[in-house]
Each structure stands twice: as structure tokens, then as C-alpha cells.
$ cat protein-v9.txt   # compact mmCIF, N, CA and C atoms
# COMPACT_ATOMS: atom_id res chain seq x y z
N MET A 1 -93.12 96.38 57.49
CA MET A 1 -93.14 97.39 58.54
C MET A 1 -92.88 96.72 59.88
N GLN A 2 -91.91 97.19 60.58
CA GLN A 2 -91.54 96.64 61.87
C GLN A 2 -92.22 97.44 62.98
N THR A 3 -92.91 96.77 63.87
CA THR A 3 -93.53 97.46 64.99
C THR A 3 -92.75 97.16 66.26
N THR A 4 -92.66 98.15 67.12
CA THR A 4 -91.97 97.96 68.39
C THR A 4 -92.96 97.53 69.47
N SER A 5 -94.24 97.67 69.21
CA SER A 5 -95.27 97.31 70.16
C SER A 5 -96.19 96.27 69.55
N ASN A 6 -96.80 95.49 70.39
CA ASN A 6 -97.79 94.52 69.95
C ASN A 6 -99.07 95.22 69.51
N TYR A 7 -99.33 96.41 70.03
CA TYR A 7 -100.55 97.15 69.71
C TYR A 7 -100.27 98.21 68.66
N VAL A 8 -101.18 98.32 67.69
CA VAL A 8 -101.04 99.29 66.61
C VAL A 8 -102.34 100.07 66.46
N THR A 9 -102.23 101.27 65.92
CA THR A 9 -103.41 102.09 65.66
C THR A 9 -104.10 101.61 64.39
N THR A 10 -105.26 102.17 64.10
CA THR A 10 -105.98 101.81 62.87
C THR A 10 -105.15 102.14 61.64
N ALA A 11 -104.49 103.29 61.64
CA ALA A 11 -103.67 103.69 60.50
C ALA A 11 -102.49 102.74 60.31
N GLU A 12 -101.85 102.34 61.41
CA GLU A 12 -100.73 101.40 61.31
C GLU A 12 -101.20 100.03 60.83
N LEU A 13 -102.35 99.57 61.34
CA LEU A 13 -102.90 98.29 60.91
C LEU A 13 -103.23 98.33 59.42
N ALA A 14 -103.79 99.44 58.96
CA ALA A 14 -104.13 99.60 57.54
C ALA A 14 -102.89 99.41 56.67
N LYS A 15 -101.78 99.97 57.08
CA LYS A 15 -100.53 99.81 56.32
C LYS A 15 -100.04 98.37 56.36
N LEU A 16 -100.19 97.71 57.51
CA LEU A 16 -99.71 96.35 57.66
C LEU A 16 -100.50 95.35 56.82
N ILE A 17 -101.82 95.51 56.77
CA ILE A 17 -102.65 94.53 56.05
C ILE A 17 -103.12 95.05 54.69
N LYS A 18 -102.68 96.24 54.31
CA LYS A 18 -102.99 96.82 52.99
C LYS A 18 -104.50 97.01 52.77
N TYR A 19 -105.16 97.52 53.81
CA TYR A 19 -106.58 97.88 53.76
C TYR A 19 -106.71 99.36 54.07
N ASP A 20 -107.78 99.96 53.63
CA ASP A 20 -108.08 101.35 53.95
C ASP A 20 -108.56 101.43 55.41
N CYS A 21 -108.22 102.51 56.09
CA CYS A 21 -108.66 102.71 57.48
C CYS A 21 -110.17 102.61 57.60
N ARG A 22 -110.86 103.19 56.65
CA ARG A 22 -112.32 103.19 56.68
C ARG A 22 -112.88 101.77 56.57
N THR A 23 -112.26 100.94 55.74
CA THR A 23 -112.69 99.55 55.61
C THR A 23 -112.52 98.81 56.93
N ILE A 24 -111.43 99.06 57.61
CA ILE A 24 -111.20 98.42 58.91
C ILE A 24 -112.27 98.84 59.90
N ARG A 25 -112.54 100.16 59.98
CA ARG A 25 -113.53 100.66 60.94
C ARG A 25 -114.95 100.23 60.61
N GLU A 26 -115.32 100.24 59.33
CA GLU A 26 -116.72 100.03 58.95
C GLU A 26 -117.06 98.58 58.61
N GLN A 27 -116.09 97.79 58.15
CA GLN A 27 -116.42 96.43 57.72
C GLN A 27 -115.77 95.33 58.55
N LEU A 28 -114.55 95.54 59.00
CA LEU A 28 -113.85 94.48 59.73
C LEU A 28 -114.08 94.53 61.23
N LYS A 29 -114.08 95.74 61.80
CA LYS A 29 -114.25 95.88 63.25
C LYS A 29 -115.62 95.37 63.67
N ASP A 30 -115.64 94.50 64.65
CA ASP A 30 -116.83 93.90 65.24
C ASP A 30 -117.49 92.82 64.37
N SER A 31 -116.94 92.54 63.19
CA SER A 31 -117.41 91.37 62.44
C SER A 31 -116.29 90.36 62.33
N VAL A 32 -115.12 90.80 61.93
CA VAL A 32 -113.94 89.93 61.83
C VAL A 32 -112.99 90.21 62.98
N LEU A 33 -112.82 91.46 63.30
CA LEU A 33 -111.95 91.87 64.41
C LEU A 33 -112.81 92.11 65.65
N ILE A 34 -112.61 91.29 66.66
CA ILE A 34 -113.47 91.27 67.84
C ILE A 34 -112.80 91.97 69.02
N GLU A 35 -113.58 92.82 69.70
CA GLU A 35 -113.07 93.52 70.88
C GLU A 35 -112.69 92.51 71.96
N GLY A 36 -111.54 92.70 72.57
CA GLY A 36 -111.05 91.79 73.59
C GLY A 36 -110.15 90.71 73.03
N ILE A 37 -110.27 90.43 71.74
CA ILE A 37 -109.41 89.45 71.08
C ILE A 37 -108.45 90.15 70.14
N HIS A 38 -109.00 90.95 69.24
CA HIS A 38 -108.20 91.63 68.22
C HIS A 38 -107.94 93.10 68.53
N TYR A 39 -108.75 93.69 69.37
CA TYR A 39 -108.51 95.09 69.73
C TYR A 39 -109.02 95.40 71.12
N ILE A 40 -108.48 96.48 71.67
CA ILE A 40 -108.89 96.96 72.98
C ILE A 40 -109.15 98.47 72.90
N ARG A 41 -109.86 98.95 73.90
CA ARG A 41 -110.08 100.39 74.08
C ARG A 41 -109.42 100.73 75.43
N PRO A 42 -108.18 101.22 75.38
CA PRO A 42 -107.47 101.47 76.64
C PRO A 42 -108.20 102.48 77.53
N PHE A 43 -108.28 102.14 78.77
CA PHE A 43 -108.87 103.02 79.80
C PHE A 43 -110.33 103.37 79.48
N GLY A 44 -111.02 102.53 78.73
CA GLY A 44 -112.43 102.76 78.42
C GLY A 44 -112.69 103.93 77.49
N GLY A 45 -111.66 104.39 76.82
CA GLY A 45 -111.80 105.55 75.94
C GLY A 45 -112.28 105.20 74.54
N ARG A 46 -112.25 106.19 73.67
CA ARG A 46 -112.68 106.00 72.29
C ARG A 46 -111.57 105.43 71.41
N LYS A 47 -110.32 105.67 71.79
CA LYS A 47 -109.20 105.20 70.99
C LYS A 47 -109.17 103.68 70.95
N ILE A 48 -108.87 103.14 69.77
CA ILE A 48 -108.80 101.69 69.60
C ILE A 48 -107.36 101.31 69.26
N LEU A 49 -106.86 100.29 69.95
CA LEU A 49 -105.55 99.73 69.64
C LEU A 49 -105.73 98.27 69.26
N TYR A 50 -105.15 97.88 68.13
CA TYR A 50 -105.29 96.53 67.60
C TYR A 50 -104.11 95.67 68.02
N ASP A 51 -104.38 94.44 68.39
CA ASP A 51 -103.36 93.47 68.79
C ASP A 51 -102.83 92.80 67.52
N TRP A 52 -101.69 93.26 67.04
CA TRP A 52 -101.14 92.81 65.78
C TRP A 52 -100.84 91.30 65.79
N GLU A 53 -100.34 90.77 66.90
CA GLU A 53 -100.03 89.33 66.97
C GLU A 53 -101.30 88.48 66.85
N ALA A 54 -102.38 88.88 67.51
CA ALA A 54 -103.64 88.13 67.44
C ALA A 54 -104.21 88.18 66.02
N ILE A 55 -104.10 89.32 65.37
CA ILE A 55 -104.60 89.46 64.00
C ILE A 55 -103.79 88.59 63.05
N GLN A 56 -102.46 88.60 63.19
CA GLN A 56 -101.60 87.76 62.34
C GLN A 56 -101.94 86.28 62.53
N LYS A 57 -102.13 85.88 63.77
CA LYS A 57 -102.44 84.48 64.08
C LYS A 57 -103.73 84.05 63.38
N ASP A 58 -104.77 84.87 63.49
CA ASP A 58 -106.05 84.53 62.86
C ASP A 58 -105.98 84.60 61.34
N MET A 59 -105.22 85.53 60.80
CA MET A 59 -105.07 85.61 59.35
C MET A 59 -104.42 84.32 58.82
N ARG A 60 -103.41 83.84 59.51
CA ARG A 60 -102.75 82.59 59.10
C ARG A 60 -103.70 81.41 59.23
N LYS A 61 -104.45 81.36 60.34
CA LYS A 61 -105.37 80.25 60.58
C LYS A 61 -106.42 80.18 59.48
N PHE A 62 -107.04 81.28 59.15
CA PHE A 62 -108.08 81.29 58.14
C PHE A 62 -107.52 81.06 56.75
N SER A 63 -106.30 81.50 56.51
CA SER A 63 -105.65 81.27 55.22
C SER A 63 -105.38 79.78 55.03
N GLN A 64 -104.91 79.10 56.06
CA GLN A 64 -104.65 77.67 55.99
C GLN A 64 -105.94 76.89 55.80
N GLN A 65 -107.03 77.31 56.47
CA GLN A 65 -108.31 76.63 56.33
C GLN A 65 -108.86 76.78 54.92
N ALA A 66 -108.62 77.92 54.29
CA ALA A 66 -109.12 78.15 52.94
C ALA A 66 -108.43 77.24 51.94
N MET A 67 -107.20 76.83 52.23
CA MET A 67 -106.45 75.95 51.34
C MET A 67 -106.79 74.48 51.55
N ALA A 68 -107.55 74.15 52.59
CA ALA A 68 -107.85 72.77 52.93
C ALA A 68 -109.13 72.29 52.24
N ILE A 69 -109.20 70.99 52.03
CA ILE A 69 -110.38 70.36 51.45
C ILE A 69 -111.15 69.66 52.56
N PRO A 70 -112.44 70.02 52.77
CA PRO A 70 -113.21 69.38 53.84
C PRO A 70 -113.44 67.89 53.54
N MET A 71 -113.32 67.06 54.56
CA MET A 71 -113.55 65.63 54.44
C MET A 71 -114.89 65.26 55.05
N SER A 72 -115.44 64.11 54.68
CA SER A 72 -116.79 63.72 55.09
C SER A 72 -116.95 63.56 56.60
N LYS A 73 -115.90 63.18 57.31
CA LYS A 73 -116.01 62.98 58.77
C LYS A 73 -115.60 64.22 59.56
N GLY A 74 -115.50 65.37 58.88
CA GLY A 74 -115.21 66.61 59.57
C GLY A 74 -113.76 67.03 59.56
N GLY A 75 -112.85 66.21 59.08
CA GLY A 75 -111.45 66.56 59.02
C GLY A 75 -111.15 67.44 57.81
N LEU A 76 -109.89 67.81 57.66
CA LEU A 76 -109.46 68.62 56.54
C LEU A 76 -108.27 67.95 55.86
N CYS A 77 -108.26 67.98 54.54
CA CYS A 77 -107.13 67.50 53.76
C CYS A 77 -106.35 68.71 53.28
N HIS A 78 -105.07 68.74 53.58
CA HIS A 78 -104.24 69.89 53.22
C HIS A 78 -103.45 69.64 51.93
N GLY A 79 -103.98 68.83 51.06
CA GLY A 79 -103.39 68.63 49.74
C GLY A 79 -102.40 67.57 49.74
$ encode --input "protein-v9.txt" --output "C-alpha cells"
Amino acid sequence: MQTTSNYVTTAELAKLIKYDCRTIREQLKDSVLIEGIHYIRPFGGRKILYDWEAIQKDMRKFSQQAMAIPMSKGGLCHG
């Protein structure tokens, strides 16, 4: 799915990451997706817009860390 904007709605994000809208609202928002980093509330309203680039960046970062082997001095071995 190609987006023309960096910001997406909950429904658009659900399609992009293959999660249900309800899962995003009830489980990911405010635990994994942080206000000010991953989403904003424009003009102080109730509507939430997600920063797709920030979410992609963190998804890649955590995916790479999951593939790494922790080393005794705090480093990571990437295989």
C-alpha cells in the first residue's frame, strides 16, 4: 500500500501492518506506539494520526535486535 502522507489513520495503519484496528487501539497504543513518537493528536482533538515512517523504523530496529545474539559485554552478534 502506497501512502502519499507520512501520517496514516488507525484503519490505514491496520492494513499496512496486518493488525486489527482494535488491537492497535487496545494493545499497541501507549505500550508499543508512543504519543509524540509514533502518533499525534492534531489540534488536541480525539483523532489519532500515526507516523508511518517512525513505526517502520522501530519495527525494523526491533526485528534486527530479535535476530541478534546477546554477548557477555553487552554487544550483539548478528550471526
$ closest_residue --input "protein-v9.txt" --among "A:Leu13, A:Glu53, A:Phe43, A:Arg60" --to "Leu28 (chain A)" --atoms "only C-alpha atoms"
A:Leu13
$ select_by_dssp --input "protein-v9.txt" --residues "chain A" --states "strand (DSSP E or B)" --output "list of chain:residue names"
A:Tyr7, A:Val8, A:Lys29, A:Leu33, A:Glu35, A:Tyr39, A:Ile40, A:Leu49, A:Tyr50, A:Asp51, A:Ile69, A:Pro70, A:Leu76, A:Cys77
$ atom_distance --input "protein-v9.txt" --atom1 "CA of Arg46 (chain A)" --atom2 "atom C of Tyr7 (chain A)"
15.1 Å
$ select_by_dssp --input "protein-v9.txt" --residues "region 10-49 of chain A" --states "alpha helix (DSSP H)" --output "PyMOL selection string"
chain A and resi 10-17+21-23
$ residues_near_point --input "protein-v9.txt" --point "(-107.7, 96.1, 67.4)" --cutoff "5 Å" --atoms "only N, CA and C atoms" --output "ChimeraX atom specification"
/A:38-40,49-51
$ write_last_selection --input "protein-v9.txt" --atoms "N, CA and C atoms" --output "short mmCIF file (atom, residue, chain, number, x, y, z; two decimals), keeping the file's coordinate frame"
data_model
loop_
_atom_site.label_atom_id
_atom_site.label_comp_id
_atom_site.auth_asym_id
_atom_site.auth_seq_id
_atom_site.Cartn_x
_atom_site.Cartn_y
_atom_site.Cartn_z
N HIS A 38 -109.00 90.95 69.24
CA HIS A 38 -108.20 91.63 68.22
C HIS A 38 -107.94 93.10 68.53
N TYR A 39 -108.75 93.69 69.37
CA TYR A 39 -108.51 95.09 69.73
C TYR A 39 -109.02 95.40 71.12
N ILE A 40 -108.48 96.48 71.67
CA ILE A 40 -108.89 96.96 72.98
C ILE A 40 -109.15 98.47 72.90
N LEU A 49 -106.86 100.29 69.95
CA LEU A 49 -105.55 99.73 69.64
C LEU A 49 -105.73 98.27 69.26
N TYR A 50 -105.15 97.88 68.13
CA TYR A 50 -105.29 96.53 67.60
C TYR A 50 -104.11 95.67 68.02
N ASP A 51 -104.38 94.44 68.39
CA ASP A 51 -103.36 93.47 68.79
C ASP A 51 -102.83 92.80 67.52
#
